[in-house]
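**Q** File name query-v7.tsv; file contents TSV, C-alpha atoms; full text below.
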chain	number	residue	atom	x	y	z
R	1	MET	CA	-7.57	20.78	-24.12
R	2	GLU	CA	-10.76	19.58	-25.85
R	3	CYS	CA	-13.47	21.87	-27.12
R	4	ALA	CA	-16.18	22.03	-24.45
R	5	GLY	CA	-18.77	21.94	-27.22
R	6	LYS	CA	-17.40	18.77	-28.81
R	7	GLY	CA	-20.15	16.36	-29.78
R	8	SER	CA	-22.87	18.98	-29.56
R	9	GLY	CA	-23.73	18.80	-33.26
R	10	THR	CA	-21.30	20.12	-35.85
R	11	ARG	CA	-17.68	18.97	-36.08
R	12	CYS	CA	-14.95	20.92	-34.35
R	13	LEU	CA	-13.12	23.37	-36.60
R	14	GLY	CA	-9.71	23.15	-34.98
R	15	PRO	CA	-7.90	23.38	-31.65
R	16	ALA	CA	-9.84	24.68	-28.64
R	17	ARG	CA	-8.16	28.07	-28.20
R	18	LYS	CA	-11.13	30.34	-27.43
R	19	ARG	CA	-11.67	30.42	-23.66
R	20	CYS	CA	-14.89	31.42	-21.96
R	21	GLY	CA	-14.49	35.11	-21.17
R	22	ARG	CA	-16.25	34.81	-17.83
R	23	CYS	CA	-14.96	31.68	-16.07
R	24	GLY	CA	-11.86	30.99	-18.16
R	25	ALA	CA	-12.19	27.31	-17.26
R	26	VAL	CA	-13.35	25.92	-20.62
R	27	SER	CA	-12.26	26.44	-24.22
R	28	TYR	CA	-13.90	26.22	-27.63
R	29	CYS	CA	-12.78	25.60	-31.18
R	30	SER	CA	-15.02	28.36	-32.52
R	31	ALA	CA	-17.51	31.04	-31.59
R	32	SER	CA	-20.33	28.93	-33.03
R	33	HIS	CA	-19.55	26.04	-30.68
R	34	GLN	CA	-19.30	28.44	-27.75
R	35	ILE	CA	-22.74	29.86	-28.56
R	36	SER	CA	-24.38	26.47	-29.06
R	37	HIS	CA	-22.84	25.15	-25.82
R	38	TRP	CA	-23.99	28.11	-23.71
R	39	LYS	CA	-27.29	26.49	-22.76
R	40	VAL	CA	-25.22	23.80	-21.02
R	41	HIS	CA	-22.32	25.92	-19.80
R	42	ARG	CA	-24.42	28.68	-18.24
R	43	GLU	CA	-25.44	26.24	-15.48
R	44	GLU	CA	-21.80	25.82	-14.43
R	45	CYS	CA	-20.09	29.03	-15.54
R	46	GLU	CA	-20.45	30.99	-12.29
R	47	ARG	CA	-19.42	27.96	-10.25
R	48	LEU	CA	-16.33	27.39	-12.39
R	49	GLU	CA	-15.47	31.09	-12.18
R	50	GLN	CA	-15.37	30.80	-8.40
R	51	GLN	CA	-13.24	27.68	-8.58
R	52	MET	CA	-10.75	29.41	-10.90
R	53	ARG	CA	-10.21	32.03	-8.19
R	54	ASN	CA	-8.76	29.29	-5.98
R	55	LEU	CA	-5.83	28.48	-8.27
R	56	ASP	CA	-3.18	29.69	-5.83
R	57	LEU	CA	-4.71	27.66	-3.01
R	58	LEU	CA	-4.76	24.48	-5.10
R	59	ASN	CA	-1.11	24.97	-6.08
R	60	ASP	CA	0.02	25.69	-2.52
R	61	PHE	CA	2.41	23.01	-1.26
R	62	PRO	CA	5.39	23.24	1.14
R	63	PHE	CA	7.87	21.37	-1.05
R	64	THR	CA	11.02	22.74	-2.65
R	65	PHE	CA	9.73	21.42	-5.99
R	66	SER	CA	6.19	22.84	-5.71
R	67	GLN	CA	6.52	25.44	-8.49
R	68	GLU	CA	7.97	22.84	-10.82
R	69	SER	CA	5.28	20.21	-10.14
R	70	THR	CA	2.34	22.62	-10.38
R	71	VAL	CA	2.62	25.84	-12.38
R	72	GLN	CA	5.48	24.76	-14.64
R	73	ILE	CA	3.77	21.53	-15.65
R	74	SER	CA	0.45	23.37	-16.16
R	75	GLU	CA	2.20	25.88	-18.44
R	76	LYS	CA	4.11	23.06	-20.21
R	77	GLN	CA	7.49	24.40	-19.15
R	78	GLU	CA	7.96	21.00	-17.54
R	79	SER	CA	6.25	17.62	-17.80
R	80	ARG	CA	5.72	14.75	-15.43
R	81	CYS	CA	8.33	12.80	-17.37
R	82	SER	CA	10.96	15.54	-17.10
R	83	PHE	CA	10.23	16.01	-13.39
R	84	LEU	CA	10.73	12.31	-12.67
R	85	ARG	CA	13.72	12.01	-14.99
R	86	LYS	CA	15.60	14.79	-13.18
R	87	ARG	CA	15.27	12.79	-9.96
R	88	GLY	CA	16.25	9.45	-11.45
R	89	ILE	CA	12.83	7.89	-10.86
R	90	HIS	CA	11.36	7.91	-14.36
R	91	GLN	CA	9.72	4.57	-15.22
R	92	VAL	CA	11.33	2.68	-12.34
R	93	GLY	CA	10.05	0.97	-9.20
R	94	LEU	CA	6.92	2.44	-7.68
R	95	TRP	CA	7.06	5.35	-10.15
R	96	VAL	CA	6.36	3.43	-13.37
R	97	CYS	CA	2.83	4.78	-13.84
R	98	GLU	CA	3.37	8.40	-12.80
R	99	CYS	CA	3.68	9.79	-16.33
R	100	ARG	CA	1.97	9.34	-19.67
R	101	CYS	CA	4.66	7.03	-21.06
R	102	GLY	CA	4.52	4.80	-17.98
R	103	ALA	CA	2.89	1.44	-17.39
R	104	SER	CA	-0.77	0.64	-16.92
R	105	VAL	CA	-2.31	-2.15	-14.88
R	106	THR	CA	-3.34	-4.10	-17.98
R	107	SER	CA	0.17	-3.95	-19.47
R	108	PHE	CA	1.46	-6.23	-16.71
R	109	GLY	CA	-0.53	-9.25	-17.88
R	110	ASN	CA	-0.12	-12.17	-15.50
R	111	SER	CA	3.17	-10.94	-14.02
R	112	ARG	CA	3.55	-9.52	-10.53
R	113	LEU	CA	1.72	-6.23	-10.55
R	114	GLU	CA	3.40	-3.94	-8.09
R	115	SER	CA	6.93	-2.90	-7.23
R	116	ASP	CA	8.08	-2.11	-3.71
R	117	THR	CA	11.17	-0.04	-4.49
R	118	TRP	CA	11.37	3.74	-3.98
R	119	ASN	CA	14.61	4.14	-6.00
R	120	LEU	CA	15.58	7.02	-3.70
R	121	SER	CA	18.17	7.38	-0.97
R	122	ASN	CA	16.97	6.25	2.47
R	123	ILE	CA	16.97	9.79	3.82
R	124	LEU	CA	14.26	10.71	1.28
R	125	CYS	CA	11.98	7.76	2.10
R	126	PRO	CA	9.82	6.58	5.01
R	127	CYS	CA	11.93	3.42	5.10
R	128	ARG	CA	12.24	3.17	8.89
R	129	GLY	CA	9.68	3.40	11.65
R	130	PRO	CA	8.87	6.89	12.96
R	131	SER	CA	11.13	8.26	15.70
R	132	SER	CA	8.10	9.23	17.81
R	133	PRO	CA	4.33	8.55	17.89
R	134	ILE	CA	1.92	11.06	16.37
R	135	ALA	CA	1.35	13.70	19.05
R	136	LYS	CA	-1.73	15.17	17.33
R	137	ALA	CA	-3.61	14.52	14.11
R	138	LEU	CA	-1.59	15.30	10.99
R	139	CYS	CA	-3.25	18.11	9.02
R	140	SER	CA	-0.81	18.85	6.18
R	141	TRP	CA	2.09	17.51	4.17
R	142	LYS	CA	4.38	19.70	6.28
R	143	ASP	CA	3.11	17.99	9.45
R	144	TYR	CA	3.71	14.57	7.94
R	145	TYR	CA	7.21	15.31	6.61
R	146	GLU	CA	8.28	16.78	9.95
R	147	TRP	CA	6.91	13.79	11.87
R	148	ARG	CA	8.68	11.34	9.54
R	149	CYS	CA	11.88	13.46	9.43
R	150	ILE	CA	11.80	13.60	5.61
R	151	PRO	CA	13.30	16.67	3.88
R	152	LEU	CA	10.88	18.77	1.80
R	153	GLN	CA	12.90	18.04	-1.34
R	154	SER	CA	11.72	14.41	-1.26
R	155	PRO	CA	9.07	13.53	-3.88
R	156	VAL	CA	7.58	10.62	-1.89
R	157	SER	CA	4.34	12.58	-1.38
R	158	LEU	CA	3.61	11.87	-5.07
R	159	LEU	CA	2.95	8.27	-4.02
R	160	LEU	CA	2.04	8.65	-0.35
R	161	HIS	CA	-1.08	10.64	-1.18
R	162	TRP	CA	-2.85	7.23	-1.34
R	163	PRO	CA	-2.31	6.14	2.30
R	164	LEU	CA	-2.41	9.73	3.62
R	165	THR	CA	-5.79	10.26	1.95
R	166	VAL	CA	-6.96	7.08	3.69
R	167	TYR	CA	-5.60	8.47	6.98
R	168	HIS	CA	-7.31	11.84	6.47
R	169	SER	CA	-10.59	10.16	5.47
R	170	ILE	CA	-10.54	8.20	8.73
R	171	GLN	CA	-10.17	11.47	10.64
R	172	LEU	CA	-12.97	13.15	8.63
R	173	ALA	CA	-15.29	10.21	9.26
R	174	GLY	CA	-14.78	10.62	12.99
R	175	LEU	CA	-12.97	7.30	13.32
R	176	GLY	CA	-9.63	8.74	14.46
R	177	SER	CA	-10.35	8.19	18.15
R	178	LEU	CA	-11.73	4.73	17.38
R	179	THR	CA	-8.32	3.54	16.18
R	180	SER	CA	-6.97	3.91	19.72
R	181	GLU	CA	-9.76	1.69	21.05
R	182	ILE	CA	-9.85	-1.18	18.54
R	183	SER	CA	-7.30	-3.73	17.40
R	184	LYS	CA	-8.63	-4.08	13.83
R	185	LEU	CA	-9.76	-1.47	11.30
R	186	CYS	CA	-11.56	-2.63	8.16
R	187	ILE	CA	-11.75	-0.41	5.06
R	188	HIS	CA	-13.51	-1.12	1.77
R	189	TYR	CA	-11.56	0.70	-0.95
R	190	LEU	CA	-13.48	1.15	-4.20
R	191	GLY	CA	-12.24	1.50	-7.77
R	192	PRO	CA	-8.45	1.07	-7.46
R	193	GLU	CA	-6.53	1.55	-10.69
R	194	LYS	CA	-3.06	3.09	-10.51
R	195	GLU	CA	-2.84	2.03	-6.87
R	196	LEU	CA	-2.60	-1.58	-8.04
R	197	LEU	CA	0.92	-0.82	-9.23
R	198	GLN	CA	1.81	0.92	-5.95
R	199	LEU	CA	0.40	-1.34	-3.23
R	200	ALA	CA	3.58	-1.15	-1.16
R	201	VAL	CA	2.90	2.49	-0.24
R	202	PHE	CA	-0.09	1.40	1.86
R	203	GLY	CA	2.44	-0.07	4.27
R	204	GLU	CA	2.81	3.45	5.65
R	205	LEU	CA	-0.53	2.91	7.41
R	206	ARG	CA	1.44	0.74	9.87
R	207	ALA	CA	3.22	3.85	11.10
R	208	LEU	CA	0.08	6.00	11.02
R	209	PHE	CA	-1.96	3.50	13.08
R	210	PRO	CA	0.47	1.70	15.43
R	211	GLY	CA	-0.97	-1.28	17.23
R	212	VAL	CA	-3.90	-1.56	14.79
R	213	PHE	CA	-4.40	-4.36	12.28
R	214	VAL	CA	-5.56	-2.53	9.13
R	215	GLN	CA	-7.47	-4.67	6.65
R	216	ILE	CA	-8.19	-3.10	3.26
R	217	GLU	CA	-10.43	-4.77	0.71
R	218	LEU	CA	-9.76	-3.28	-2.73
R	219	ILE	CA	-12.69	-3.82	-5.06
R	220	GLY	CA	-13.04	-2.72	-8.67
R	221	PRO	CA	-13.28	-3.76	-12.33
R	222	ALA	CA	-9.64	-2.82	-12.93
R	223	VAL	CA	-8.36	-5.63	-10.68
R	224	PRO	CA	-6.91	-8.23	-13.09
R	225	HIS	CA	-8.49	-11.69	-13.14
R	226	HIS	CA	-5.37	-13.36	-11.74
R	227	ARG	CA	-5.17	-11.15	-8.64
R	228	TYR	CA	-7.31	-13.03	-6.12
R	229	LYS	CA	-4.79	-13.27	-3.31
R	230	ASN	CA	-3.77	-11.51	-0.12
R	231	GLU	CA	-1.02	-8.94	0.08
R	232	ASN	CA	0.39	-8.99	3.62
R	233	THR	CA	2.98	-6.83	5.29
R	234	SER	CA	3.83	-6.30	8.94
R	235	CYS	CA	6.45	-4.64	11.08
R	236	SER	CA	7.15	-3.68	14.68
R	237	ILE	CA	7.01	-0.01	15.65
R	238	GLY	CA	8.31	0.64	19.16
R	239	HIS	CA	6.71	-1.90	21.48
R	240	THR	CA	3.62	-2.42	19.36
R	241	SER	CA	3.01	-4.66	16.38
R	242	SER	CA	1.14	-3.25	13.39
R	243	ALA	CA	0.06	-4.88	10.18
R	244	VAL	CA	-1.62	-3.96	6.92
R	245	THR	CA	-3.43	-6.58	4.85
R	246	LEU	CA	-4.61	-5.84	1.33
R	247	GLN	CA	-7.02	-8.16	-0.45
R	248	LEU	CA	-8.07	-7.62	-4.05
R	249	HIS	CA	-11.47	-8.38	-5.57
R	250	ARG	CA	-12.46	-7.97	-9.20
R	251	GLY	CA	-15.93	-6.54	-9.91
R	252	TYR	CA	-18.29	-3.81	-8.73
R	253	TYR	CA	-18.89	-3.21	-5.05
R	254	HIS	CA	-22.63	-3.81	-5.18
R	255	GLU	CA	-21.97	-7.19	-6.83
R	256	ARG	CA	-19.22	-8.34	-4.47
R	257	PHE	CA	-20.33	-6.86	-1.14
R	258	LEU	CA	-22.15	-9.89	0.29
R	259	ASP	CA	-19.18	-12.19	-0.25
R	260	ILE	CA	-16.63	-9.70	1.06
R	261	SER	CA	-18.62	-8.56	4.10
R	262	LYS	CA	-18.99	-12.10	5.49
R	263	ASP	CA	-15.50	-11.79	6.93
R	264	SER	CA	-14.96	-8.05	6.57
R	265	HIS	CA	-17.76	-5.63	7.47
R	266	PRO	CA	-16.33	-2.13	6.94
R	267	HIS	CA	-15.77	0.66	9.43
R	268	LEU	CA	-15.28	2.95	6.40
R	269	VAL	CA	-15.82	2.95	2.64
R	270	ILE	CA	-13.46	5.10	0.59
R	271	ALA	CA	-13.54	5.76	-3.16
R	272	PRO	CA	-10.52	7.76	-4.40
R	273	ASN	CA	-10.84	9.69	-7.69
R	274	ALA	CA	-14.31	8.18	-7.98
R	275	GLY	CA	-15.73	9.92	-11.07
R	276	ILE	CA	-19.26	9.22	-9.85
R	277	ALA	CA	-20.99	11.44	-12.42
R	278	ALA	CA	-19.16	9.73	-15.28
R	279	TYR	CA	-20.17	6.11	-14.56
R	280	ALA	CA	-23.72	4.80	-14.22
R	281	SER	CA	-22.33	1.76	-12.38
R	282	TRP	CA	-21.97	3.95	-9.28
R	283	LEU	CA	-25.73	4.27	-8.77
R	284	PRO	CA	-26.38	0.79	-7.30
R	285	THR	CA	-23.20	1.11	-5.24
R	286	ILE	CA	-24.45	4.38	-3.73
R	287	GLU	CA	-27.77	2.72	-2.93
R	288	LEU	CA	-25.88	-0.08	-1.18
R	289	ILE	CA	-23.74	2.32	0.86
R	290	LYS	CA	-26.88	4.13	1.98
R	291	GLU	CA	-28.45	0.80	3.00
R	292	ILE	CA	-25.48	-0.47	5.05
R	293	ASN	CA	-25.19	2.95	6.75
R	294	VAL	CA	-21.38	3.08	6.86
R	295	PRO	CA	-19.39	6.33	6.52
R	296	ALA	CA	-18.19	6.74	2.94
R	297	VAL	CA	-15.60	9.26	1.73
R	298	PHE	CA	-15.18	10.10	-1.95
R	299	SER	CA	-12.44	12.07	-3.66
R	300	ASP	CA	-11.98	13.45	-7.15
R	301	TYR	CA	-9.54	15.39	-9.30
R	302	CYS	CA	-11.27	18.77	-9.05
R	303	GLU	CA	-14.03	20.54	-7.16
R	304	GLU	CA	-16.37	20.48	-10.14
R	305	ALA	CA	-16.21	16.68	-10.35
R	306	CYS	CA	-17.18	16.53	-6.66
R	307	ASN	CA	-20.07	18.95	-7.26
R	308	LEU	CA	-21.44	16.72	-10.01
R	309	ALA	CA	-20.90	13.63	-7.84
R	310	ALA	CA	-22.72	15.21	-4.89
R	311	CYS	CA	-25.70	15.95	-7.16
R	312	CYS	CA	-25.79	12.32	-8.29
R	313	ILE	CA	-25.66	11.07	-4.70
R	314	ASN	CA	-28.39	13.51	-3.63
R	315	ALA	CA	-30.60	12.22	-6.46
R	316	VAL	CA	-30.25	8.67	-5.09
R	317	THR	CA	-30.32	9.33	-1.34
R	318	ASN	CA	-32.35	12.58	-1.16
R	319	GLN	CA	-29.67	13.83	1.22
R	320	PRO	CA	-26.85	16.36	0.92
R	321	PRO	CA	-23.27	15.20	1.60
R	322	ARG	CA	-22.62	14.29	5.23
R	323	LEU	CA	-19.41	16.30	4.95
R	324	PRO	CA	-19.28	19.20	2.47
R	325	ILE	CA	-16.83	19.29	-0.41
R	326	GLN	CA	-13.42	20.34	0.88
R	327	LEU	CA	-9.81	20.52	-0.26
R	328	ASN	CA	-7.74	17.48	0.66
R	329	PRO	CA	-4.49	18.61	2.38
R	330	PHE	CA	-2.94	15.32	1.27
R	331	ARG	CA	-3.75	15.61	-2.44
R	332	GLN	CA	-0.98	14.57	-4.81
R	333	PRO	CA	1.32	17.59	-5.24
R	334	MET	CA	1.71	17.22	-9.00
R	335	VAL	CA	-0.84	18.58	-11.44
R	336	VAL	CA	-2.60	16.31	-13.93
R	337	GLU	CA	-1.38	16.96	-17.47
R	338	ASP	CA	-3.85	17.90	-20.23
R	339	SER	CA	-7.02	17.97	-18.14
R	340	LEU	CA	-10.34	18.75	-19.82
R	341	LEU	CA	-10.64	22.03	-17.92
R	342	HIS	CA	-8.23	24.90	-17.33
R	343	LEU	CA	-8.79	24.20	-13.65
R	344	PRO	CA	-5.71	22.53	-12.18
R	345	CYS	CA	-6.54	18.91	-11.36
R	346	TYR	CA	-4.76	16.79	-8.77
R	347	SER	CA	-5.21	13.17	-7.78
R	348	ASN	CA	-7.38	13.01	-4.62
R	349	CYS	CA	-7.78	16.79	-4.79
R	350	PHE	CA	-11.18	17.31	-3.13
R	351	LEU	CA	-13.14	15.19	-0.67
R	352	PHE	CA	-16.70	14.83	0.56
R	353	ALA	CA	-18.63	12.19	2.46
R	354	MET	CA	-22.02	10.52	2.65
Starting from the coordinates I provided, produce the structure as structure tokens.
**A**
Amino acid sequence: MECAGKGSGTRCLGPARKRCGRCGAVSYCSASHQISHWKVHREECERLEQQMRNLDLLNDFPFTFSQESTVQISEKQESRCSFLRKRGIHQVGLWVCECRCGASVTSFGNSRLESDTWNLSNILCPCRGPSSPIAKALCSWKDYYEWRCIPLQSPVSLLLHWPLTVYHSIQLAGLGSLTSEISKLCIHYLGPEKELLQLAVFGELRALFPGVFVQIELIGPAVPHHRYKNENTSCSIGHTSSAVTLQLHRGYYHERFLDISKDSHPHLVIAPNAGIAAYASWLPTIELIKEINVPAVFSDYCEEACNLAACCINAVTNQPPRLPIQLNPFRQPMVVEDSLLHLPCYSNCFLFAM
């Protein structure tokens, strides 16, 4: 945990162990840094206090491992590494980047980026087509696990939060009914990073949207130079044929949009874990999204990051979010280690739309 007043003038005097007595969300190395930082923190303190009251809601998952992957990791009784190691999935297959000692996209050089192996028994994976179509929209991890006949001890949700967040974003954008009327769904997916090592999990969209050809254009500066190729996968589910195509593009969305949209105008733009307030490069992209008038869903690790992002978007568009900030039921059910706030942070934790 870093001192919230770091960089505000004087050097930090030690570890950040003095928490704000009101919100409890930030810590300081000293009373002097807490006092000097108050002119900044007072704008957010009440908001963070409210968010801290939602801890139990954020940590609420239906899995048998929920306590271990949330509270115990937050309190350092467990770690991501120990959680994965106990299940035999530490630094293997699709799991290689799910802990601090794991791989990064850049570490793969010019080799094949992603793995497609779960390294789990078949009963714990969505390895076969669903036994029945989706009767009604899935609204929780429990709904999804029951539909796919996966036991709640399975950790696959740690990876499937990527395609399930796409699925949920489609529902939020009001495109759920559209998927039953069209044969092709085009999504522009902005800023992929860790996903580049886990592309195989997007194949689950075949089961979620049977009979629909799902085309996803992944655009971002983290895409390695050598990855300008298609990733194709298809399967038959029941009497319908579904396919998911992933195409990768290096660069920023506002720079690549004209080339990409010639063959792929989007039904939806989605930006997982966007960090809009942290990167000035988002501003021209937001202007572009406003201009093309396509639904866009953003996610981030915590509610505060979404609040800051919504303020940035409002400054550019002069409009509030089309959909208010809300908890994502398909957030990753494992807390982020060593976050900058005492707020628990989860990948794809909160969502909003413009």
**Q** Residues proximal to (-12.3, -2.5, -6.3) were defined as those with any atom within 9 Å of that point in the file's coordinates, counting only C-alpha atoms. Which are they, as a list in words?
**A** His188, Tyr189, Leu190, Gly191, Pro192, Glu193, Glu217, Leu218, Ile219, Gly220, Pro221, Ala222, Val223, Leu248, His249, Arg250, Gly251, Tyr252, Tyr253 and Ala271 of chain R
**Q** Which residues come within 12 Å of Asp56 (chain R), counting all atoms listed in the file, excluding same-chain residues fewer than 2 positions away, as an NGL selection string?
**A** :R and (51-54 or 58-61 or 66-67 or 70-71 or 343-344)
**Q** With a distance cut-off of 7 Å and all atoms listed in the file, select the neighbouring residues of region 275-289 of chain R, excluding the residue or stretch itself and same-chain residues fewer than 3 positions from it, and output the selection as a VMD selection string.
**A** chain R and resid 253 to 254 292 to 294 300 305 308 to 309 312 to 313 316
**Q** Would you compute the distance between CA of Phe202 (chain R) and CA of Ala243 (chain R)? Give it in Å to one decimal.
**A**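 CA of Ala243 (chain R) lies at a distance of 10.4 Å from CA of Phe202 (chain R).
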**Q** Would you be able to write out as a PDB file with C-alpha atoms, keeping the file's coordinate frame which residues have an atom within 7 Å of (13.3, 4.5, -6.6) in the file's coordinates, counting only C-alpha atoms?
**A**
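As a result, result34.pdb now contains:
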ATOM      1  CA  ILE R  89      12.830   7.890 -10.860  1.00  0.00           C
ATOM      2  CA  VAL R  92      11.330   2.680 -12.340  1.00  0.00           C
ATOM      3  CA  GLY R  93      10.050   0.970  -9.200  1.00  0.00           C
ATOM      4  CA  LEU R  94       6.920   2.440  -7.680  1.00  0.00           C
ATOM      5  CA  THR R 117      11.170  -0.040  -4.490  1.00  0.00           C
ATOM      6  CA  TRP R 118      11.370   3.740  -3.980  1.00  0.00           C
ATOM      7  CA  ASN R 119      14.610   4.140  -6.000  1.00  0.00           C
ATOM      8  CA  LEU R 120      15.580   7.020  -3.700  1.00  0.00           C
TER       9      LEU R 120
END
**Q** From the options R:Phe257, R:Trp95, R:Phe65, R:Phe209, which residue's atoms come nearest to Lys194 (chain R), counting all atoms listed in the file?
**A**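 Checking each candidate against Lys194 (chain R), we get R:Trp95 as the closest.
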**Q** For Cys23 (chain R), find every residue with an atom within 12 Å (counting all atoms listed in the file), except residues of its own chain fewer than 5 positions away, and show them as number ranges by chain.
**A** R: 41-53, 341-343
**Q** Could you state the separation of CA of Ala296 (chain R) and CA of Ala200 (chain R) in Å, given to one decimal place?
**A** 23.5 Å
**Q** Just the number, please: distance in Å from CA of Ile123 (chain R) to CA of Tyr145 (chain R), one decimal.
**A**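 Answer for the CA of Ile123 (chain R) to CA of Tyr145 (chain R) separation: 11.6 Å.
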**Q** Find the residues near Phe298 (chain R): any atom within 8 Å, counting only C-alpha atoms, skip ones fewer than 5 places away on the same chain, and give them as a PyMOL selection string.
**A** chain R and resi 270-274+351-353
**Q** Using all atoms listed in the file, which of the listed residues (R:Gln319, R:Ser347, R:Ser132, R:Gln326) sits closest to Ala207 (chain R)?
**A** R:Ser132
**Q** Excluding His168 (chain R) and residues on its chain fewer than 6 positions from it, collect all residues at most 9 Å away from it, counting all atoms listed in the file, and give them as a list in words.
**A**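 The filter keeps Ala137, Leu138, Cys139, Gly176, Asn328, Pro329 and Phe330 of chain R.
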**Q** Go ahead and save the residues from that selection, with C-alpha atoms, as a JSON list (two decimals), in the coordinates of the input.
**A**
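Generated output (result15.json):
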[["chain", "number", "residue", "atom", "x", "y", "z"],
["R", 137, "ALA", "CA", -3.61, 14.52, 14.11],
["R", 138, "LEU", "CA", -1.59, 15.30, 10.99],
["R", 139, "CYS", "CA", -3.25, 18.11, 9.02],
["R", 176, "GLY", "CA", -9.63, 8.74, 14.46],
["R", 328, "ASN", "CA", -7.74, 17.48, 0.66],
["R", 329, "PRO", "CA", -4.49, 18.61, 2.38],
["R", 330, "PHE", "CA", -2.94, 15.32, 1.27]]
**Q** Using only C-alpha atoms, which of R:Phe83, R:Ser36, R:Met1, R:Asp263 sits nearest Arg19 (chain R)?
**A**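 Answer, going by the shortest atom-to-atom distance: R:Met1.
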**Q** Which one is closest to Glu98 (chain R): R:Glu146, R:Glu204, R:Glu2, R:Glu337? Count all atoms listed in the file.
**A**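 When distances to Glu98 (chain R) are compared using all atoms listed in the file, the smallest one comes from R:Glu337.
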